[in-house]
>>> print(open('work10.txt').read())   # compact mmCIF, C-alpha atoms and all ligand atoms
# COMPACT_ATOMS: atom_id res chain seq x y z
CA MET A 1 18.54 -2.29 -26.67
CA GLN A 2 21.56 -3.61 -24.84
CA ASP A 3 22.04 -2.36 -21.31
CA LYS A 4 25.29 -0.47 -20.80
CA ARG A 5 25.95 -2.47 -17.68
CA GLN A 6 26.18 -5.59 -19.79
CA ARG A 7 29.04 -4.41 -21.94
CA ALA A 8 32.18 -6.44 -21.38
CA ARG A 9 34.51 -4.56 -19.10
CA VAL A 10 38.26 -4.91 -19.53
CA GLN A 11 39.23 -7.41 -16.92
CA GLY A 12 42.30 -9.42 -16.24
CA GLY A 13 45.33 -9.62 -14.06
CA TRP A 14 49.07 -9.19 -14.06
CA ALA A 15 50.57 -12.52 -15.06
CA GLY A 16 53.99 -13.57 -13.77
CA ALA A 17 57.20 -13.44 -15.86
CA ALA A 18 56.83 -15.15 -19.16
CA GLY A 19 58.39 -18.54 -18.47
CA PRO A 20 59.72 -20.98 -21.02
CA ALA A 21 56.26 -22.40 -21.48
CA ASN A 22 54.76 -19.17 -22.76
CA ARG A 23 57.78 -17.40 -24.22
CA PRO A 24 58.81 -18.12 -27.84
CA ALA A 25 62.00 -20.15 -28.11
CA MET A 26 65.13 -18.09 -28.77
CA PRO A 27 68.30 -19.44 -30.43
CA SER A 28 70.97 -20.20 -27.76
CA ALA A 29 73.45 -17.75 -29.34
CA GLN A 30 71.05 -14.86 -28.77
CA ARG A 31 70.07 -15.80 -25.24
CA PRO A 32 71.29 -13.24 -22.69
CA GLN A 33 74.04 -14.57 -20.48
CA THR A 34 72.58 -14.31 -17.02
CA TRP A 35 74.56 -16.90 -15.09
CA GLY A 36 76.70 -15.51 -12.37
CA LYS A 37 74.87 -12.19 -12.53
CA GLU A 38 71.77 -10.88 -10.82
CA GLN A 39 68.51 -11.97 -12.52
CA PRO A 40 66.77 -9.05 -14.38
CA PRO A 41 63.45 -7.88 -12.84
CA GLN A 42 60.70 -10.28 -13.81
CA GLU A 43 58.78 -9.21 -16.85
CA LYS A 44 54.97 -8.96 -16.29
CA HIS A 45 52.25 -8.51 -18.82
CA PHE A 46 48.53 -7.89 -18.61
CA VAL A 47 46.39 -10.85 -19.57
CA TYR A 48 42.91 -9.94 -20.80
CA GLU A 49 40.14 -12.26 -19.63
CA LYS A 50 36.79 -11.79 -21.28
CA PRO A 51 34.09 -11.93 -18.58
CA PRO A 52 31.28 -14.42 -19.17
CA GLU A 53 28.67 -12.75 -21.37
CA VAL A 54 25.41 -12.11 -19.49
CA LEU A 55 22.69 -11.65 -22.05
CA ARG A 56 19.88 -9.66 -20.47
CA ARG A 57 17.98 -7.20 -22.51
CA VAL A 58 15.88 -4.23 -21.47
CA GLN A 59 12.52 -5.11 -22.94
CA GLU A 60 10.81 -2.93 -25.53
CA PRO A 61 7.31 -2.01 -24.34
CA LYS A 62 4.44 -3.87 -25.94
CA VAL A 63 1.93 -1.37 -27.32
CA ILE A 64 -1.73 -2.26 -26.84
CA ASP A 65 -4.10 -0.18 -28.92
CA ALA A 66 -6.50 -2.72 -30.43
CA ALA A 67 -10.02 -3.27 -29.13
CA GLY A 68 -10.47 -6.49 -27.19
CA THR A 69 -9.10 -8.56 -24.32
CA HIS A 70 -5.36 -8.69 -23.67
CA GLU A 71 -3.81 -11.08 -21.14
CA ILE A 72 -0.62 -9.34 -20.14
CA SER A 73 0.71 -11.93 -17.66
CA VAL A 74 -0.02 -15.12 -15.76
CA SER A 75 1.54 -15.67 -12.34
CA PRO A 76 0.73 -17.46 -9.08
CA SER A 77 -1.48 -14.44 -8.24
CA GLY A 78 -3.54 -15.11 -11.37
CA VAL A 79 -4.07 -13.65 -14.82
CA SER A 80 -3.57 -9.92 -15.39
CA ARG A 81 -5.99 -8.79 -18.05
CA LEU A 82 -6.74 -5.55 -19.90
CA ARG A 83 -9.88 -4.93 -21.92
CA LEU A 84 -9.76 -2.00 -24.28
CA PHE A 85 -12.83 -0.28 -25.77
CA PRO A 86 -11.67 2.49 -28.15
CA SER A 87 -14.49 4.99 -28.88
CA PHE A 88 -16.56 3.65 -26.00
CA ILE A 89 -18.03 7.16 -26.12
CA ASP A 90 -18.30 8.45 -29.67
CA PRO A 91 -16.09 11.49 -30.34
CA ARG A 92 -18.89 14.09 -30.75
CA GLU A 93 -20.55 13.03 -27.49
CA ALA A 94 -17.15 12.85 -25.82
CA ASP A 95 -16.51 16.51 -26.82
CA TRP A 96 -19.44 17.97 -24.86
CA MET A 97 -18.87 15.55 -21.95
CA PHE A 98 -15.27 16.70 -21.66
CA GLU A 99 -16.31 20.36 -21.59
CA GLN A 100 -18.99 19.76 -19.00
CA LEU A 101 -16.72 17.71 -16.73
CA GLN A 102 -13.90 20.24 -16.97
CA ARG A 103 -16.28 23.09 -16.06
CA GLU A 104 -18.52 21.47 -13.44
CA ILE A 105 -16.46 19.04 -11.38
CA PRO A 106 -15.11 20.72 -8.20
CA TRP A 107 -11.44 20.08 -9.04
CA ARG A 108 -8.86 20.48 -6.25
CA GLN A 109 -5.10 20.04 -5.97
CA LYS A 110 -4.41 17.45 -3.27
CA THR A 111 -1.40 17.54 -0.96
CA ASN A 112 0.30 14.16 -0.41
CA VAL A 113 3.03 13.11 1.98
CA GLY A 114 6.07 11.25 0.64
CA PRO A 115 9.50 10.28 2.03
CA ASP A 116 10.79 13.84 1.39
CA GLY A 117 7.84 15.63 2.97
CA SER A 118 4.58 16.97 1.59
CA TYR A 119 4.03 17.93 -2.04
CA HIS A 120 1.19 19.09 -4.29
CA GLU A 121 -0.01 16.48 -6.74
CA PRO A 122 0.87 17.42 -10.31
CA ARG A 123 -2.80 17.24 -11.43
CA LEU A 124 -6.26 18.10 -10.10
CA THR A 125 -8.59 15.47 -8.63
CA CYS A 126 -12.08 14.93 -7.25
CA TRP A 127 -13.40 11.92 -5.31
CA TYR A 128 -16.93 10.49 -5.35
CA GLY A 129 -18.00 7.66 -3.02
CA GLU A 130 -19.71 6.82 0.25
CA VAL A 131 -16.37 6.20 1.97
CA PRO A 132 -13.24 8.36 2.19
CA TYR A 133 -10.24 7.44 0.04
CA THR A 134 -6.73 7.52 1.48
CA TYR A 135 -3.56 7.24 -0.59
CA SER A 136 -0.07 8.71 -0.23
CA HIS A 137 -0.84 9.48 3.43
CA SER A 138 -3.61 11.91 2.66
CA THR A 139 -7.38 11.38 2.66
CA MET A 140 -10.12 12.54 0.31
CA GLN A 141 -13.36 12.84 2.26
CA ALA A 142 -16.47 10.83 1.33
CA ASN A 143 -18.52 12.65 -1.30
CA PRO A 144 -21.90 11.17 -2.23
CA HIS A 145 -22.87 14.13 -4.49
CA TRP A 146 -22.36 12.54 -7.89
CA HIS A 147 -22.64 14.82 -10.90
CA PRO A 148 -25.54 13.51 -13.08
CA LEU A 149 -23.20 12.99 -16.06
CA LEU A 150 -20.90 10.84 -13.91
CA ASN A 151 -23.87 8.73 -12.79
CA MET A 152 -24.87 8.29 -16.43
CA LEU A 153 -21.35 7.21 -17.42
CA LYS A 154 -21.18 4.78 -14.48
CA ASP A 155 -24.48 3.19 -15.62
CA ARG A 156 -23.21 2.83 -19.20
CA ILE A 157 -19.97 1.20 -18.08
CA GLU A 158 -21.80 -1.16 -15.70
CA GLU A 159 -24.17 -2.20 -18.49
CA VAL A 160 -21.39 -3.01 -20.95
CA THR A 161 -18.92 -4.63 -18.54
CA GLY A 162 -21.29 -6.40 -16.14
CA TYR A 163 -19.39 -4.97 -13.13
CA ASN A 164 -20.76 -2.59 -10.48
CA PHE A 165 -18.85 0.37 -9.10
CA ASN A 166 -19.54 2.56 -6.07
CA SER A 167 -16.68 5.08 -6.23
CA LEU A 168 -14.83 7.28 -8.67
CA LEU A 169 -11.52 9.11 -8.72
CA CYS A 170 -11.45 11.89 -11.33
CA ASN A 171 -8.10 13.21 -12.59
CA LEU A 172 -7.56 16.37 -14.60
CA TYR A 173 -4.18 16.66 -16.36
CA ARG A 174 -4.07 20.35 -17.23
CA HIS A 175 -1.02 20.19 -19.52
CA ASP A 176 2.06 18.16 -20.46
CA LYS A 177 3.69 18.59 -17.03
CA ASP A 178 0.76 17.05 -15.15
CA SER A 179 1.23 13.36 -14.44
CA ILE A 180 0.69 10.46 -12.06
CA ASP A 181 3.69 8.47 -10.87
CA TRP A 182 4.20 4.68 -10.73
CA HIS A 183 1.70 3.01 -8.42
CA SER A 184 -0.87 0.20 -8.18
CA ASP A 185 -4.46 0.68 -7.13
CA ASP A 186 -4.05 -1.82 -4.30
CA GLU A 187 -5.22 -0.06 -1.15
CA PRO A 188 -6.89 -2.54 1.25
CA ALA A 189 -10.25 -0.78 0.81
CA LEU A 190 -10.26 -1.88 -2.85
CA GLY A 191 -10.27 -5.57 -1.85
CA THR A 192 -8.38 -8.35 -3.65
CA ASN A 193 -8.07 -8.29 -7.44
CA PRO A 194 -9.93 -4.99 -7.83
CA ILE A 195 -11.57 -4.16 -11.15
CA ILE A 196 -10.77 -0.64 -12.31
CA ALA A 197 -12.67 0.97 -15.19
CA SER A 198 -10.76 3.92 -16.61
CA LEU A 199 -12.49 6.30 -19.05
CA SER A 200 -10.50 9.03 -20.80
CA PHE A 201 -11.48 12.32 -22.45
CA GLY A 202 -9.48 15.01 -24.19
CA GLU A 203 -5.80 14.80 -25.11
CA THR A 204 -4.31 11.34 -25.74
CA ARG A 205 -1.77 10.44 -23.05
CA ASN A 206 0.45 7.37 -22.76
CA PHE A 207 -0.72 5.01 -20.02
CA GLN A 208 2.40 3.00 -19.12
CA MET A 209 2.58 -0.27 -17.20
CA ARG A 210 5.51 -2.21 -15.79
CA LYS A 211 5.50 -5.67 -14.22
CA LYS A 212 6.62 -5.88 -10.59
CA PRO A 213 10.05 -7.58 -10.49
CA PRO A 214 10.60 -10.95 -8.74
CA PRO A 215 12.16 -10.79 -5.24
CA GLU A 216 15.67 -11.66 -6.49
CA GLU A 217 15.75 -8.37 -8.44
CA ARG A 218 15.48 -6.47 -5.12
CA GLY A 219 13.12 -3.82 -6.48
CA ASP A 220 15.09 -3.24 -9.70
CA TYR A 221 12.66 -2.65 -12.60
CA THR A 222 15.36 -2.51 -15.32
CA TYR A 223 14.47 -5.77 -17.08
CA VAL A 224 10.75 -6.07 -16.37
CA GLU A 225 8.03 -6.40 -19.00
CA ARG A 226 6.38 -3.16 -20.07
CA VAL A 227 3.09 -2.32 -21.74
CA HIS A 228 2.02 1.04 -23.21
CA VAL A 229 -1.60 1.90 -23.89
CA PRO A 230 -2.28 5.22 -25.62
CA LEU A 231 -5.58 6.36 -24.07
CA ASP A 232 -7.50 8.70 -26.32
CA HIS A 233 -10.77 10.65 -26.30
CA GLY A 234 -13.68 8.36 -25.34
CA THR A 235 -11.59 5.20 -24.70
CA LEU A 236 -12.46 2.83 -21.87
CA LEU A 237 -9.77 0.60 -20.34
CA LEU A 238 -10.67 -2.16 -17.89
CA MET A 239 -7.99 -3.60 -15.60
CA GLU A 240 -8.90 -6.99 -14.21
CA GLY A 241 -7.55 -9.99 -12.26
CA ALA A 242 -4.05 -9.67 -10.80
CA THR A 243 -3.25 -6.45 -12.70
CA GLN A 244 -2.95 -4.35 -9.52
CA GLU A 245 -1.05 -7.04 -7.62
CA ASP A 246 1.46 -7.82 -10.38
CA TRP A 247 1.82 -4.51 -12.27
CA GLN A 248 2.26 -0.80 -11.67
CA HIS A 249 1.04 1.99 -13.92
CA ARG A 250 1.64 5.70 -14.50
CA VAL A 251 0.95 8.58 -16.86
CA PRO A 252 4.33 10.33 -17.31
CA LYS A 253 5.00 13.99 -17.97
CA GLU A 254 5.51 14.83 -21.64
CA TYR A 255 8.20 16.91 -23.32
CA HIS A 256 5.83 18.65 -25.76
CA ASP A 257 2.68 20.69 -25.24
CA ARG A 258 -0.39 18.66 -24.32
CA ARG A 259 -3.93 19.95 -24.05
CA PRO A 260 -6.03 19.01 -20.99
CA ARG A 261 -7.11 15.43 -20.37
CA ILE A 262 -9.69 14.03 -17.95
CA ASN A 263 -9.52 10.46 -16.66
CA LEU A 264 -12.28 8.83 -14.62
CA THR A 265 -11.38 5.67 -12.68
CA PHE A 266 -14.45 3.83 -11.40
CA ARG A 267 -13.76 1.43 -8.53
CA THR A 268 -15.50 -0.53 -5.78
CA MET A 269 -14.54 0.42 -2.23
CA TYR A 270 -15.24 -1.70 0.85
CA PRO A 271 -15.66 -0.01 4.25
CA GLN A 272 -12.64 -0.69 6.44
CA PRO A 273 -12.60 -1.41 10.19
CA PRO A 274 -11.45 1.69 12.10
CA ALA A 275 -7.71 1.78 12.87
CA PRO A 276 -7.05 0.69 16.49
CA SER A 277 -6.44 3.64 18.85
CA HIS A 278 -3.47 3.43 21.24
O1 LIG B 1 -4.97 8.93 -15.85
C1 LIG B 1 -4.90 7.73 -15.98
O2 LIG B 1 -5.09 7.16 -17.05
C2 LIG B 1 -4.49 6.88 -14.79
C3 LIG B 1 -5.04 7.35 -13.48
C4 LIG B 1 -4.59 6.46 -12.36
O3 LIG B 1 -3.65 5.74 -12.48
C5 LIG B 1 -5.31 6.47 -11.09
O4 LIG B 1 -6.25 7.27 -10.91
O5 LIG B 1 -4.95 5.66 -10.20
>>> encode(input="work10.txt", output="structure tokens")
Amino acid sequence: MQDKRQRARVQGGWAGAAGPANRPAMPSAQRPQTWGKEQPPQEKHFVYEKPPEVLRRVQEPKVIDAAGTHEISVSPSGVSRLRLFPSFIDPREADWMFEQLQREIPWRQKTNVGPDGSYHEPRLTCWYGEVPYTYSHSTMQANPHWHPLLNMLKDRIEEVTGYNFNSLLCNLYRHDKDSIDWHSDDEPALGTNPIIASLSFGETRNFQMRKKPPPEERGDYTYVERVHVPLDHGTLLLMEGATQEDWQHRVPKEYHDRRPRINLTFRTMYPQPPAPSH
């Protein structure tokens, strides 16, 4: 895909009158007699100059859907790594888990604060953990009352991955217009290089990632690397290493009907010192 901005624009300038050097020779008999008279207005013509070709391409997303470990980048911050476990929960088990979670989790619609004021999140959420969780200038209160099924899933994930988690953000995407916008899970309370274990149930949605651009791009994501991971019923995705520092992710709205989807993101939160009072 070639970016429109890269197409050669017509450039050039108005060159002076065609002098003897760049005008074809004319037989002397045909030459206009100009001596003794006023010179005619100088003839100008537009000279096209092709601008130097800048070859930058918008990158096609790399689709990751195979089980296993995928290193998506290496940078001074470290390796960004995804580990994908399709059918981590087998589909029949995943069916009843989905129904139970949809029915029994106390889902709420959170209100966030952005540059244009407050807005309702386009999805429902529920937070579990010993400490509150603040993002987008709004806080979810600590909630130690884990649903037994969530405890069971946490144990299974810990056993397979070897990591321990103490918190969980649950997301319910009710339909195709529910979404989560570009962000990284990089709040200070998550520590450096946080490990995020993301378990999905229900409708398959496209989990999209984009690499943060280098400083010289001044926040322009046009040419960055992209990765798409279709997350389906029962799939576990682990994000490790520098993934939160070097990449952002989102689940975009869709243009066609989508049935509900639940996503559970297990994390480890560290208590933070209280903010200084003034
Ligand atoms: O729904 C998902 O797969 C992603 C959720 C997410 O990005 C988050 O909870 O931070």
>>> residues_around(input="work10.txt", residues="Arg103 in chain A", least_positions_apart="6", cutoff="12 Å", atoms="only C-alpha atoms", output="list in words")
Trp96, Met97, His147, Leu172 and Ile262 of chain A
>>> residues_near_point(input="work10.txt", point="(-13.3, 7.9, -15.8)", cutoff="9 Å", atoms="all atoms listed in the file", output="JSON, numbers by chain")
{"A": [150, 153, 154, 168, 169, 170, 171, 197, 198, 199, 200, 201, 236, 262, 263, 264, 265, 266]}
>>> residues_near_point(input="work10.txt", point="(-19.3, -5.6, -20.6)", cutoff="12 Å", atoms="all atoms listed in the file", output="list in words")
Gly68, Thr69, Arg83, Leu84, Phe85, Phe88, Asp155, Arg156, Ile157, Glu158, Glu159, Val160, Thr161, Gly162, Tyr163, Asn164, Ala197, Leu236, Leu237 and Leu238 of chain A
>>> closest_residue(input="work10.txt", among="A:Asp176, A:Glu43, A:Asp185, A:Glu93", to="ligand LIG 1 (chain B)", atoms="all atoms listed in the file")
A:Asp185
>>> closest_residue(input="work10.txt", among="A:Pro106, A:Gly114, A:Pro213, A:Pro230", to="ligand LIG 1 (chain B)", atoms="all atoms listed in the file")
A:Pro230
>>> closest_residue(input="work10.txt", among="A:Ala275, A:His145, A:Lys212, A:Leu124", to="ligand LIG 1 (chain B)", atoms="only C-alpha atoms and all ligand atoms")
A:Leu124
>>> closest_residue(input="work10.txt", among="A:Tyr255, A:Tyr48, A:Trp107, A:Phe98", to="Leu149 in chain A", atoms="only C-alpha atoms")
A:Phe98
>>> closest_residue(input="work10.txt", among="A:Lys211, A:Lys44, A:Arg123, A:Arg218", to="Val74 in chain A", atoms="all atoms listed in the file")
A:Lys211
>>> closest_residue(input="work10.txt", among="A:Thr243, A:Ser138, A:Ser179, A:Asn193", to="ligand LIG 1 (chain B)", atoms="only C-alpha atoms and all ligand atoms")
A:Ser179
>>> atom_distance(input="work10.txt", atom1="CA of Ala242 in chain A", atom2="CA of Gly78 in chain A")
5.5 Å
>>> residues_around(input="work10.txt", residues="Pro271 in chain A", least_positions_apart="4", cutoff="10 Å", atoms="all atoms listed in the file", output="ChimeraX atom specification")
/A:130-132,188-191
>>> residues_around(input="work10.txt", residues="Tyr173 in chain A", least_positions_apart="3", cutoff="6 Å", atoms="all atoms listed in the file", output="PyMOL selection string")
chain A and resi 123+178+260-261
>>> atom_distance(input="work10.txt", atom1="CA of Ile105 in chain A", atom2="CA of Pro148 in chain A")
10.8 Å
>>> atom_distance(input="work10.txt", atom1="CA of Thr111 in chain A", atom2="CA of Thr204 in chain A")
25.7 Å
>>> decode(input="work10.txt", residues="range 163-192 of chain A", atoms="N, CA and C atoms", output="short mmCIF file (atom, residue, chain, number, x, y, z; two decimals), in the first residue's frame")
data_model
loop_
_atom_site.label_atom_id
_atom_site.label_comp_id
_atom_site.auth_asym_id
_atom_site.auth_seq_id
_atom_site.Cartn_x
_atom_site.Cartn_y
_atom_site.Cartn_z
N TYR A 163 3.58 -17.82 36.10
CA TYR A 163 3.50 -16.47 36.68
C TYR A 163 2.38 -16.43 37.71
N ASN A 164 2.50 -15.47 38.67
CA ASN A 164 1.42 -15.26 39.64
C ASN A 164 0.75 -13.91 39.38
N PHE A 165 -0.54 -13.89 39.59
CA PHE A 165 -1.32 -12.66 39.39
C PHE A 165 -2.13 -12.37 40.63
N ASN A 166 -2.35 -11.07 40.92
CA ASN A 166 -3.15 -10.72 42.10
C ASN A 166 -4.35 -9.84 41.75
N SER A 167 -4.55 -9.56 40.48
CA SER A 167 -5.62 -8.63 40.08
C SER A 167 -6.19 -9.05 38.73
N LEU A 168 -7.38 -8.54 38.46
CA LEU A 168 -8.05 -8.92 37.21
C LEU A 168 -8.98 -7.79 36.76
N LEU A 169 -8.83 -7.41 35.49
CA LEU A 169 -9.81 -6.50 34.88
C LEU A 169 -10.64 -7.32 33.90
N CYS A 170 -11.96 -7.33 34.14
CA CYS A 170 -12.87 -8.06 33.24
C CYS A 170 -13.54 -7.05 32.30
N ASN A 171 -13.61 -7.39 31.03
CA ASN A 171 -14.26 -6.54 30.03
C ASN A 171 -15.37 -7.33 29.36
N LEU A 172 -16.53 -6.70 29.23
CA LEU A 172 -17.63 -7.31 28.47
C LEU A 172 -17.96 -6.40 27.27
N TYR A 173 -17.71 -6.94 26.07
CA TYR A 173 -18.05 -6.24 24.83
C TYR A 173 -19.42 -6.78 24.43
N ARG A 174 -20.46 -5.93 24.57
CA ARG A 174 -21.82 -6.43 24.40
C ARG A 174 -22.18 -6.69 22.94
N HIS A 175 -21.55 -5.91 22.03
CA HIS A 175 -21.87 -6.01 20.60
C HIS A 175 -20.74 -5.37 19.81
N ASP A 176 -20.95 -5.26 18.49
CA ASP A 176 -19.90 -4.77 17.59
C ASP A 176 -19.44 -3.34 17.87
N LYS A 177 -20.28 -2.54 18.53
CA LYS A 177 -19.89 -1.14 18.77
C LYS A 177 -19.15 -0.97 20.10
N ASP A 178 -19.03 -2.03 20.88
CA ASP A 178 -18.20 -1.94 22.09
C ASP A 178 -16.74 -2.16 21.70
N SER A 179 -15.84 -1.49 22.41
CA SER A 179 -14.44 -1.47 21.98
C SER A 179 -13.56 -1.00 23.13
N ILE A 180 -12.25 -1.09 22.91
CA ILE A 180 -11.29 -0.42 23.80
C ILE A 180 -10.28 0.26 22.89
N ASP A 181 -9.96 1.50 23.19
CA ASP A 181 -9.12 2.30 22.30
C ASP A 181 -7.64 2.02 22.54
N TRP A 182 -6.79 2.56 21.67
CA TRP A 182 -5.33 2.38 21.77
C TRP A 182 -4.83 2.76 23.15
N HIS A 183 -4.07 1.89 23.76
CA HIS A 183 -3.46 2.17 25.06
C HIS A 183 -2.39 1.11 25.32
N SER A 184 -1.59 1.33 26.38
CA SER A 184 -0.69 0.30 26.90
C SER A 184 -1.07 0.10 28.35
N ASP A 185 -0.86 -1.11 28.84
CA ASP A 185 -1.11 -1.36 30.27
C ASP A 185 0.19 -1.01 30.99
N ASP A 186 0.40 0.29 31.21
CA ASP A 186 1.71 0.72 31.73
C ASP A 186 1.58 1.67 32.93
N GLU A 187 0.46 1.54 33.65
CA GLU A 187 0.32 2.37 34.85
C GLU A 187 1.43 2.00 35.84
N PRO A 188 1.93 3.00 36.60
CA PRO A 188 3.03 2.71 37.54
C PRO A 188 2.74 1.54 38.47
N ALA A 189 1.49 1.36 38.86
CA ALA A 189 1.16 0.27 39.80
C ALA A 189 1.38 -1.11 39.20
N LEU A 190 1.57 -1.19 37.88
CA LEU A 190 1.82 -2.49 37.24
C LEU A 190 3.32 -2.83 37.21
N GLY A 191 4.16 -1.89 37.65
CA GLY A 191 5.60 -2.14 37.69
C GLY A 191 6.22 -2.11 36.29
N THR A 192 7.53 -2.43 36.22
CA THR A 192 8.18 -2.42 34.90
C THR A 192 7.98 -3.77 34.22
#
